[in-house]
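Colleague: Data file upload_19.cif (mmCIF, C-alpha atoms) is appended below.
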data_protein
loop_
_atom_site.label_atom_id
_atom_site.label_comp_id
_atom_site.auth_asym_id
_atom_site.auth_seq_id
_atom_site.Cartn_x
_atom_site.Cartn_y
_atom_site.Cartn_z
CA MET O 69 -28.66 9.66 -28.59
CA GLU O 70 -28.01 5.97 -29.06
CA ILE O 71 -28.64 3.59 -26.18
CA LEU O 72 -25.67 1.73 -24.74
CA ASN O 73 -26.91 -1.64 -23.53
CA LEU O 74 -24.55 -4.42 -22.52
CA GLU O 75 -25.66 -7.66 -20.95
CA GLY O 76 -23.87 -8.61 -17.75
CA THR O 77 -21.53 -11.60 -17.76
CA GLU O 78 -19.59 -13.47 -15.09
CA ASP O 79 -16.87 -10.87 -15.23
CA THR O 80 -18.44 -7.74 -16.73
CA PRO O 81 -21.31 -5.62 -15.42
CA LYS O 82 -24.65 -4.91 -17.07
CA ILE O 83 -24.64 -1.45 -18.61
CA MET O 84 -27.80 0.47 -19.49
CA LEU O 85 -27.36 4.03 -20.67
CA ASP O 86 -30.60 5.35 -22.13
CA LYS O 87 -31.06 9.09 -22.25
CA GLY O 88 -34.56 8.96 -23.71
CA ASN O 89 -35.97 6.80 -20.92
CA GLY O 90 -33.77 8.35 -18.25
CA ILE O 91 -32.13 5.04 -17.30
CA PHE O 92 -28.47 5.13 -16.35
CA GLU O 93 -27.24 2.02 -14.63
CA ILE O 94 -24.12 -0.04 -14.02
CA SER O 95 -24.88 -3.26 -12.17
CA GLY O 96 -23.61 -6.75 -11.47
CA ARG O 97 -19.99 -7.83 -11.30
CA SER O 98 -17.00 -5.99 -12.65
CA LEU O 99 -13.75 -7.89 -13.00
CA PRO O 100 -12.85 -7.60 -16.66
CA GLU O 101 -9.39 -8.50 -17.80
CA ASP O 102 -8.87 -5.07 -19.31
CA SER O 103 -10.99 -2.58 -17.40
CA ALA O 104 -9.81 0.46 -19.35
CA GLU O 105 -10.94 -1.16 -22.60
CA PHE O 106 -14.27 -2.25 -21.13
CA TYR O 107 -15.16 1.14 -19.66
CA ARG O 108 -13.98 3.24 -22.60
CA PRO O 109 -17.30 3.16 -24.50
CA ILE O 110 -19.07 4.11 -21.29
CA LEU O 111 -16.78 7.08 -20.76
CA ASP O 112 -17.25 8.09 -24.40
CA TRP O 113 -21.03 7.86 -24.06
CA ILE O 114 -21.00 9.99 -20.91
CA GLU O 115 -18.88 12.62 -22.64
CA ARG O 116 -21.39 12.84 -25.50
CA TYR O 117 -24.30 12.85 -23.03
CA GLY O 118 -22.68 15.74 -21.21
CA GLU O 119 -23.01 17.88 -24.33
CA SER O 120 -26.82 17.93 -23.92
CA PRO O 121 -27.85 16.12 -20.76
CA ASN O 122 -31.34 15.73 -19.29
CA PRO O 123 -32.17 18.45 -16.72
CA THR O 124 -31.61 15.91 -13.97
CA THR O 125 -29.84 12.57 -14.05
CA GLU O 126 -29.95 9.74 -11.55
CA PHE O 127 -27.01 7.45 -12.22
CA VAL O 128 -27.39 4.08 -10.54
CA PHE O 129 -24.59 1.82 -9.31
CA LYS O 130 -25.83 -1.57 -8.19
CA LEU O 131 -22.67 -3.62 -8.04
CA GLU O 132 -22.25 -6.97 -6.38
CA TYR O 133 -18.51 -6.87 -6.75
CA PHE O 134 -15.77 -4.97 -8.52
CA ASN O 135 -12.03 -5.59 -8.68
CA THR O 136 -9.45 -2.91 -8.01
CA ALA O 137 -8.81 -2.20 -11.68
CA SER O 138 -12.54 -1.49 -12.05
CA SER O 139 -12.53 0.79 -9.02
CA LYS O 140 -10.16 3.10 -10.85
CA LEU O 141 -12.46 3.19 -13.85
CA ILE O 142 -15.51 3.71 -11.66
CA LEU O 143 -13.76 6.77 -10.29
CA ASP O 144 -13.14 7.89 -13.87
CA VAL O 145 -16.85 7.45 -14.62
CA LEU O 146 -17.77 9.47 -11.53
CA SER O 147 -15.28 12.20 -12.46
CA ALA O 148 -16.87 12.42 -15.90
CA LEU O 149 -20.34 12.63 -14.32
CA GLU O 150 -19.14 15.35 -11.94
CA ASP O 151 -19.10 17.83 -14.81
CA ILE O 152 -22.76 17.31 -15.66
CA LYS O 153 -25.38 19.56 -14.08
CA GLY O 154 -28.28 18.01 -12.16
CA MET O 155 -26.32 14.79 -11.46
CA LYS O 156 -27.07 12.46 -8.58
CA ILE O 157 -25.60 9.05 -7.81
CA ILE O 158 -27.75 6.27 -6.40
CA TRP O 159 -25.38 3.77 -4.76
CA TYR O 160 -26.90 0.41 -3.93
CA PHE O 161 -25.41 -2.17 -1.64
CA HIS O 162 -26.59 -5.47 -0.23
CA GLU O 163 -27.95 -5.09 3.30
CA ASP O 164 -25.06 -6.95 4.89
CA ASP O 165 -22.33 -5.76 2.50
CA GLU O 166 -20.36 -3.28 4.57
CA ASP O 167 -17.53 -3.25 2.06
CA MET O 168 -19.78 -2.07 -0.78
CA GLU O 169 -21.34 0.54 1.49
CA GLU O 170 -17.89 1.76 2.49
CA ALA O 171 -16.75 1.83 -1.14
CA GLY O 172 -19.69 4.09 -1.98
CA GLN O 173 -18.88 6.36 0.94
CA GLU O 174 -15.29 6.63 -0.21
CA PHE O 175 -16.27 7.43 -3.78
CA SER O 176 -18.64 10.11 -2.49
CA GLU O 177 -15.69 11.68 -0.68
CA LEU O 178 -13.64 11.75 -3.87
CA VAL O 179 -16.12 13.52 -6.16
CA GLU O 180 -18.47 16.48 -5.83
CA ILE O 181 -21.75 14.77 -6.64
CA PRO O 182 -24.61 14.10 -4.23
CA PHE O 183 -24.84 10.41 -3.37
CA GLU O 184 -27.93 8.60 -2.16
CA PHE O 185 -27.43 5.20 -0.54
CA LYS O 186 -29.96 2.41 -0.88
CA THR O 187 -30.03 -1.22 0.12
CA TYR O 188 -31.36 -4.19 -1.78
CA MET S 187 2.83 -43.38 -8.00
CA ASN S 188 3.34 -42.75 -4.33
CA PHE S 189 3.52 -39.05 -5.05
CA ILE S 190 -0.25 -38.99 -5.63
CA TYR S 191 -0.90 -40.19 -2.11
CA ASP S 192 1.83 -37.93 -0.71
CA LEU S 193 0.34 -34.92 -2.43
CA HIS S 194 -3.12 -35.83 -1.15
CA ARG S 195 -1.84 -36.20 2.40
CA THR S 196 0.02 -32.90 2.20
CA MET S 197 -3.12 -31.16 1.05
CA MET S 198 -5.12 -32.74 3.86
CA SER S 199 -2.55 -31.74 6.47
CA GLN S 200 -2.54 -28.18 5.16
CA ASN S 201 -6.36 -28.09 5.14
CA LEU S 202 -6.50 -27.21 1.46
CA ILE S 203 -9.89 -27.16 -0.23
CA LEU S 204 -8.74 -26.03 -3.65
CA VAL S 205 -5.43 -26.18 -5.48
CA TYR S 206 -4.75 -25.09 -9.01
CA GLN S 207 -1.44 -25.20 -10.78
CA GLY S 208 -0.96 -24.25 -14.39
CA GLU S 209 -1.63 -21.39 -16.73
CA PHE S 210 -3.40 -18.38 -15.31
CA THR S 211 -5.62 -16.45 -17.70
CA GLN S 212 -8.88 -14.54 -17.37
CA GLU S 213 -10.69 -17.74 -18.34
CA THR S 214 -8.99 -19.93 -15.76
CA THR S 215 -9.54 -17.18 -13.19
CA LYS S 216 -13.28 -17.30 -13.88
CA SER S 217 -13.33 -21.08 -13.55
CA ILE S 218 -11.43 -21.05 -10.27
CA LEU S 219 -13.73 -18.35 -8.88
CA ALA S 220 -16.81 -20.33 -9.92
CA MET S 221 -15.47 -23.48 -8.22
CA ALA S 222 -14.63 -21.64 -5.03
CA GLU S 223 -17.99 -19.89 -4.99
CA ARG S 224 -19.84 -23.19 -5.35
CA ASN S 225 -17.74 -24.65 -2.55
CA LEU S 226 -18.47 -21.73 -0.22
CA ASP S 227 -22.17 -21.79 -1.11
CA SER S 228 -22.48 -25.51 -0.55
CA THR S 229 -20.89 -25.31 2.88
CA GLY S 230 -23.32 -22.54 3.80
CA GLU S 231 -20.63 -20.01 4.55
CA GLU S 232 -21.81 -16.65 5.80
CA SER S 233 -22.20 -14.13 2.98
CA THR S 234 -19.88 -11.49 4.48
CA ILE S 235 -17.07 -14.02 4.70
CA LYS S 236 -17.83 -15.40 1.23
CA ARG S 237 -17.59 -11.92 -0.21
CA LYS S 238 -14.26 -11.19 1.47
CA VAL S 239 -12.78 -14.50 0.34
CA PHE S 240 -14.01 -13.82 -3.18
CA ASN S 241 -12.57 -10.30 -3.18
CA VAL S 242 -9.14 -11.49 -2.04
CA MET S 243 -9.20 -14.38 -4.52
CA VAL S 244 -9.92 -12.14 -7.50
CA GLU S 245 -7.09 -9.78 -6.64
CA ALA S 246 -4.64 -12.65 -6.03
CA LEU S 247 -5.59 -14.42 -9.26
CA GLN S 248 -5.51 -11.29 -11.38
CA ASN S 249 -2.14 -10.39 -9.88
CA ILE S 250 -0.78 -13.69 -11.17
CA VAL S 251 -2.32 -13.14 -14.59
CA LYS S 252 -0.88 -9.65 -14.86
CA HIS S 253 2.43 -9.78 -13.03
CA SER S 254 3.82 -13.29 -12.89
CA ASP S 255 7.17 -13.37 -14.65
CA GLU S 256 7.75 -15.87 -17.41
CA LEU S 257 10.49 -18.38 -16.76
CA VAL S 258 12.88 -18.29 -19.68
CA HIS S 259 15.41 -21.07 -19.99
CA ASP S 260 17.16 -22.17 -23.18
CA ASN S 261 14.64 -20.25 -25.28
CA VAL S 262 11.74 -22.05 -23.63
CA HIS S 263 9.16 -19.78 -22.05
CA THR S 264 7.01 -21.21 -19.30
CA HIS S 265 4.21 -19.45 -17.59
CA THR S 266 3.20 -21.30 -14.50
CA ALA S 267 1.98 -20.46 -11.03
CA ILE S 268 0.00 -21.97 -8.19
CA PHE S 269 -3.12 -20.93 -6.33
CA LEU S 270 -4.49 -22.49 -3.14
CA ILE S 271 -7.34 -22.02 -0.70
CA GLY S 272 -7.13 -23.43 2.79
CA LYS S 273 -9.94 -23.68 5.28
CA GLU S 274 -9.56 -24.14 9.00
CA ARG S 275 -12.00 -23.68 11.83
CA GLY S 276 -11.22 -20.03 12.40
CA GLN S 277 -10.06 -18.82 8.99
CA TYR S 278 -9.66 -19.17 5.25
CA SER S 279 -6.18 -18.86 3.75
CA ILE S 280 -5.88 -17.60 0.21
CA MET S 281 -2.44 -18.37 -1.14
CA ALA S 282 -0.64 -17.86 -4.40
CA GLY S 283 2.83 -18.53 -5.72
CA ASN S 284 4.46 -17.35 -8.90
CA PRO S 285 7.94 -16.81 -10.29
CA ILE S 286 9.41 -13.34 -10.23
CA LYS S 287 12.68 -12.07 -11.57
CA LYS S 288 15.24 -11.32 -8.89
CA GLU S 289 15.46 -7.71 -10.04
CA ASN S 290 11.75 -7.22 -9.36
CA MET S 291 11.96 -8.43 -5.78
CA PRO S 292 13.15 -5.31 -3.91
CA ALA S 293 10.31 -3.09 -5.12
CA LEU S 294 7.74 -5.76 -4.34
CA LYS S 295 9.14 -6.35 -0.84
CA LYS S 296 9.09 -2.62 -0.16
CA THR S 297 5.45 -2.34 -1.24
CA LEU S 298 4.39 -5.24 0.97
CA GLU S 299 6.35 -3.98 3.97
CA HIS S 300 4.82 -0.54 3.58
CA ILE S 301 1.29 -1.91 3.39
CA ASN S 302 1.86 -4.07 6.46
CA SER S 303 3.09 -1.06 8.41
CA LEU S 304 -0.23 0.75 8.03
CA ASP S 305 -3.30 0.61 10.24
CA LYS S 306 -6.88 0.70 8.99
CA GLU S 307 -6.90 4.48 8.53
CA GLY S 308 -3.49 4.41 6.87
CA LEU S 309 -4.65 1.79 4.40
CA LYS S 310 -7.74 3.83 3.56
CA ASP S 311 -5.57 6.90 2.95
CA LEU S 312 -3.16 4.91 0.78
CA TYR S 313 -6.03 3.48 -1.24
CA LYS S 314 -7.47 6.92 -1.86
CA GLU S 315 -4.07 8.34 -2.76
CA ILE S 316 -3.39 5.62 -5.32
CA ILE S 317 -6.84 5.65 -6.87
CA LYS S 318 -6.81 9.42 -7.32
CA ASN S 319 -3.29 9.74 -8.63
CA THR S 320 -2.58 6.76 -10.83
CA THR S 321 -3.69 5.83 -14.29
CA ILE S 322 -4.29 2.27 -15.37
CA SER S 323 -0.94 0.71 -16.22
CA ASP S 324 -0.24 -0.83 -19.57
CA LYS S 325 -0.77 -4.19 -17.89
CA GLY S 326 -4.28 -3.05 -16.97
CA GLY S 327 -3.60 -2.75 -13.26
CA ALA S 328 -4.45 0.02 -10.86
CA GLY S 329 -1.73 -0.68 -8.28
CA LEU S 330 -4.37 -1.35 -5.65
CA GLY S 331 -4.46 -5.13 -5.35
CA PHE S 332 -2.34 -5.62 -2.24
CA VAL S 333 -3.89 -2.66 -0.44
CA ASP S 334 -7.33 -4.03 -1.19
CA MET S 335 -6.39 -7.51 0.06
CA ALA S 336 -5.07 -6.01 3.30
CA ARG S 337 -8.22 -3.91 3.78
CA LYS S 338 -10.74 -6.62 2.98
CA SER S 339 -9.02 -9.25 5.13
CA GLY S 340 -8.12 -6.90 7.96
CA GLN S 341 -4.88 -8.85 8.30
CA LYS S 342 -1.20 -8.42 7.53
CA LEU S 343 -0.10 -9.87 4.20
CA LEU S 344 2.21 -12.85 4.69
CA TYR S 345 4.91 -13.49 2.12
CA GLU S 346 8.15 -15.30 1.34
CA PHE S 347 10.55 -15.41 -1.59
CA PRO S 348 12.31 -18.78 -1.78
CA GLU S 349 14.97 -18.88 -4.47
CA MET S 350 14.20 -20.86 -7.61
CA SER S 351 17.39 -20.23 -9.59
CA PRO S 352 20.07 -17.54 -9.91
CA ASP S 353 17.62 -15.28 -11.74
CA TYR S 354 14.26 -16.16 -10.24
CA HIS S 355 12.53 -16.32 -6.91
CA PHE S 356 9.12 -17.75 -6.12
CA PHE S 357 6.87 -15.11 -4.65
CA CYS S 358 4.58 -16.78 -2.10
CA LEU S 359 1.68 -14.79 -0.74
CA LYS S 360 -0.80 -15.76 1.96
CA VAL S 361 -3.83 -13.75 2.95
CA ILE S 362 -5.91 -14.84 5.91
CA VAL S 363 -9.64 -14.13 6.02
CA PRO S 364 -10.91 -14.76 9.55
CA ARG S 365 -14.21 -16.56 9.80
CA ASP S 366 -15.35 -14.59 12.83
CA THR S 367 -16.79 -11.28 11.76
CA GLU S 368 -16.13 -8.38 14.06
CA ASN S 369 -19.08 -6.25 14.99
#
Now that the file is in, can you turn its structure into structure tokens?
Modeller:
Amino acid sequence: MEILNLEGTEDTPKIMLDKGNGIFEISGRSLPEDSAEFYRPILDWIERYGESPNPTTEFVFKLEYFNTASSKLILDVLSALEDIKGMKIIWYFHEDDEDMEEAGQEFSELVEIPFEFKTY
Amino acid sequence: MNFIYDLHRTMMSQNLILVYQGEFTQETTKSILAMAERNLDSTGEESTIKRKVFNVMVEALQNIVKHSDELVHDNVHTHTAIFLIGKERGQYSIMAGNPIKKENMPALKKTLEHINSLDKEGLKDLYKEIIKNTTISDKGGAGLGFVDMARKSGQKLLYEFPEMSPDYHFFCLKVIVPRDTEN
């Protein structure tokens, strides 16, 4: 499966989706002008991955910030991941970032995937 | 040229640290955010407060980019709005103003009134309801901006709609981010 690797910018997150090396990560800042357009390739990749996933997958979110349009797409990503067996979400937040912690908690309440919370 | 001094004095009396008037695009949004971030960093603002101010700013700026109505007069289209940040001892004020068509006012007022009527739990429930049940609009919005601003600031959204012309009003929004964090 091809690797999806996007460098982070001031308004878009870093994306690393690498089945072979077992790295699945969305990190940085997400405030793209058109979030649906930005996240579409990621959703497409996840759909293809779901056809023959690794036995277990740890999907990492390490976001510093995301706007509300991104939050909708993040939920779409999580909903797509929900259908994949052996899925686990690692949700990072900055030690003193209660809002990011709370966002992770809320997402974990909206989808049926185990969430692990970590600070950085 | 007195207006330059008058404008400066007005900004001082309103404790404004940043004012931008002009075209609002993703690019100008990024520039304004970068300027504000540098300002907050250089004054050594606490990171929780910085983050909340940043959050509210992004939503306010992207609202203008997405939803500000064009002024159309004699076949001339103008797209202009204003964004301001104020800083006082106890709080930051994030403010924005943009034209809206009169016909769009009632729905907007209703949304803002509804959000202001909710407590913390109510806002959380509304957020979850919207995020689960809506799809991204053709403008690229999720319908969550105001709710998010209310949640992050922990304050009521302040707004006014002074009339610009028979067909347009100027939607003024003010969101206060207190500088004391609650524990």
Colleague: What are the closest atom pairs, with distances in Å to one decimal, for all residues of chain S lying within 10 Å of chain O? Consider all atoms listed in the file, order rows by chain and residue number, and present the result as a Markdown table.
Modeller:
| residue | atom | partner | partner_atom | distance |
| --- | --- | --- | --- | --- |
| S:Thr211 | CA | O:Glu101 | CA | 8.8 |
| S:Gln212 | CA | O:Glu101 | CA | 6.1 |
| S:Glu213 | CA | O:Glu101 | CA | 9.3 |
| S:Thr215 | CA | O:Glu101 | CA | 9.8 |
| S:Lys216 | CA | O:Glu78 | CA | 7.5 |
| S:Ser217 | CA | O:Glu78 | CA | 10.0 |
| S:Leu219 | CA | O:Glu78 | CA | 9.8 |
| S:Ala220 | CA | O:Glu78 | CA | 9.0 |
| S:Ser233 | CA | O:Asp164 | CA | 8.0 |
| S:Thr234 | CA | O:Asp165 | CA | 6.5 |
| S:Arg237 | CA | O:Asp165 | CA | 8.2 |
| S:Lys238 | CA | O:Asp167 | CA | 8.6 |
| S:Phe240 | CA | O:Tyr133 | CA | 9.0 |
| S:Asn241 | CA | O:Asn135 | CA | 7.3 |
| S:Val242 | CA | O:Asn135 | CA | 9.3 |
| S:Val244 | CA | O:Asn135 | CA | 7.0 |
| S:Glu245 | CA | O:Asn135 | CA | 6.8 |
| S:Gln248 | CA | O:Glu101 | CA | 8.0 |
| S:Val251 | CA | O:Glu101 | CA | 9.0 |
| S:Lys252 | CA | O:Glu101 | CA | 9.1 |
| S:Lys310 | CA | O:Glu174 | CA | 8.9 |
| S:Tyr313 | CA | O:Glu174 | CA | 9.8 |
| S:Lys314 | CA | O:Glu174 | CA | 8.0 |
| S:Ile316 | CA | O:Lys140 | CA | 9.1 |
| S:Ile317 | CA | O:Lys140 | CA | 5.8 |
| S:Lys318 | CA | O:Lys140 | CA | 8.0 |
| S:Asn319 | CA | O:Lys140 | CA | 9.8 |
| S:Thr320 | CA | O:Lys140 | CA | 8.4 |
| S:Thr321 | CA | O:Lys140 | CA | 7.8 |
| S:Ile322 | CA | O:Ala104 | CA | 7.0 |
| S:Ser323 | CA | O:Ala104 | CA | 9.4 |
| S:Asp324 | CA | O:Asp102 | CA | 9.6 |
| S:Lys325 | CA | O:Asp102 | CA | 8.3 |
| S:Gly326 | CA | O:Asp102 | CA | 5.5 |
| S:Gly327 | CA | O:Ala137 | CA | 5.5 |
| S:Ala328 | CA | O:Ala137 | CA | 5.0 |
| S:Gly329 | CA | O:Ala137 | CA | 8.0 |
| S:Leu330 | CA | O:Thr136 | CA | 5.8 |
| S:Gly331 | CA | O:Thr136 | CA | 6.1 |
| S:Phe332 | CA | O:Thr136 | CA | 9.5 |
| S:Val333 | CA | O:Thr136 | CA | 9.4 |
| S:Asp334 | CA | O:Thr136 | CA | 7.2 |
| S:Met335 | CA | O:Thr136 | CA | 9.8 |
| S:Arg337 | CA | O:Asp167 | CA | 9.5 |
| S:Lys338 | CA | O:Asp167 | CA | 7.6 |
Colleague: Could those selected residues go to a file with C-alpha atoms, as an mmCIF file, in the coordinates of the input?
Modeller:
data_model
loop_
_atom_site.group_PDB
_atom_site.id
_atom_site.type_symbol
_atom_site.label_atom_id
_atom_site.label_comp_id
_atom_site.auth_asym_id
_atom_site.auth_seq_id
_atom_site.Cartn_x
_atom_site.Cartn_y
_atom_site.Cartn_z
ATOM 1 C CA THR S 211 -5.620 -16.450 -17.700
ATOM 2 C CA GLN S 212 -8.880 -14.540 -17.370
ATOM 3 C CA GLU S 213 -10.690 -17.740 -18.340
ATOM 4 C CA THR S 215 -9.540 -17.180 -13.190
ATOM 5 C CA LYS S 216 -13.280 -17.300 -13.880
ATOM 6 C CA SER S 217 -13.330 -21.080 -13.550
ATOM 7 C CA LEU S 219 -13.730 -18.350 -8.880
ATOM 8 C CA ALA S 220 -16.810 -20.330 -9.920
ATOM 9 C CA SER S 233 -22.200 -14.130 2.980
ATOM 10 C CA THR S 234 -19.880 -11.490 4.480
ATOM 11 C CA ARG S 237 -17.590 -11.920 -0.210
ATOM 12 C CA LYS S 238 -14.260 -11.190 1.470
ATOM 13 C CA PHE S 240 -14.010 -13.820 -3.180
ATOM 14 C CA ASN S 241 -12.570 -10.300 -3.180
ATOM 15 C CA VAL S 242 -9.140 -11.490 -2.040
ATOM 16 C CA VAL S 244 -9.920 -12.140 -7.500
ATOM 17 C CA GLU S 245 -7.090 -9.780 -6.640
ATOM 18 C CA GLN S 248 -5.510 -11.290 -11.380
ATOM 19 C CA VAL S 251 -2.320 -13.140 -14.590
ATOM 20 C CA LYS S 252 -0.880 -9.650 -14.860
ATOM 21 C CA LYS S 310 -7.740 3.830 3.560
ATOM 22 C CA TYR S 313 -6.030 3.480 -1.240
ATOM 23 C CA LYS S 314 -7.470 6.920 -1.860
ATOM 24 C CA ILE S 316 -3.390 5.620 -5.320
ATOM 25 C CA ILE S 317 -6.840 5.650 -6.870
ATOM 26 C CA LYS S 318 -6.810 9.420 -7.320
ATOM 27 C CA ASN S 319 -3.290 9.740 -8.630
ATOM 28 C CA THR S 320 -2.580 6.760 -10.830
ATOM 29 C CA THR S 321 -3.690 5.830 -14.290
ATOM 30 C CA ILE S 322 -4.290 2.270 -15.370
ATOM 31 C CA SER S 323 -0.940 0.710 -16.220
ATOM 32 C CA ASP S 324 -0.240 -0.830 -19.570
ATOM 33 C CA LYS S 325 -0.770 -4.190 -17.890
ATOM 34 C CA GLY S 326 -4.280 -3.050 -16.970
ATOM 35 C CA GLY S 327 -3.600 -2.750 -13.260
ATOM 36 C CA ALA S 328 -4.450 0.020 -10.860
ATOM 37 C CA GLY S 329 -1.730 -0.680 -8.280
ATOM 38 C CA LEU S 330 -4.370 -1.350 -5.650
ATOM 39 C CA GLY S 331 -4.460 -5.130 -5.350
ATOM 40 C CA PHE S 332 -2.340 -5.620 -2.240
ATOM 41 C CA VAL S 333 -3.890 -2.660 -0.440
ATOM 42 C CA ASP S 334 -7.330 -4.030 -1.190
ATOM 43 C CA MET S 335 -6.390 -7.510 0.060
ATOM 44 C CA ARG S 337 -8.220 -3.910 3.780
ATOM 45 C CA LYS S 338 -10.740 -6.620 2.980
#
Colleague: Could you tell me which residues the PyMOL selection byres ((chain O and resi 74) around 12) grabs in this file, written as a PyMOL selection string?
Modeller: chain O and resi 71-73+75-77+80-86+93-96+106-107+109-110
Colleague: So which residues touch Met350 of chain S within 9 Å, counting all atoms listed in the file, skipping near sequence neighbours fewer than 5 positions away, as a list in words?
Modeller: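 Final neighbour list, sorted by chain and number: Pro285, His355 and Phe356 of chain S.
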Colleague: Just give me the gap between atom CA of Val205 of chain S and atom CA of Ile250 of chain S in Å, one decimal is fine.
Modeller: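 Between these atoms lies a distance of 14.5 Å.
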Colleague: Calculate how many Å separate atom CA of Glu346 of chain S from atom CA of Thr297 of chain S, rounding to one decimal.
Modeller: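 One can read the atom CA of Glu346 of chain S to atom CA of Thr297 of chain S distance as 13.5 Å.
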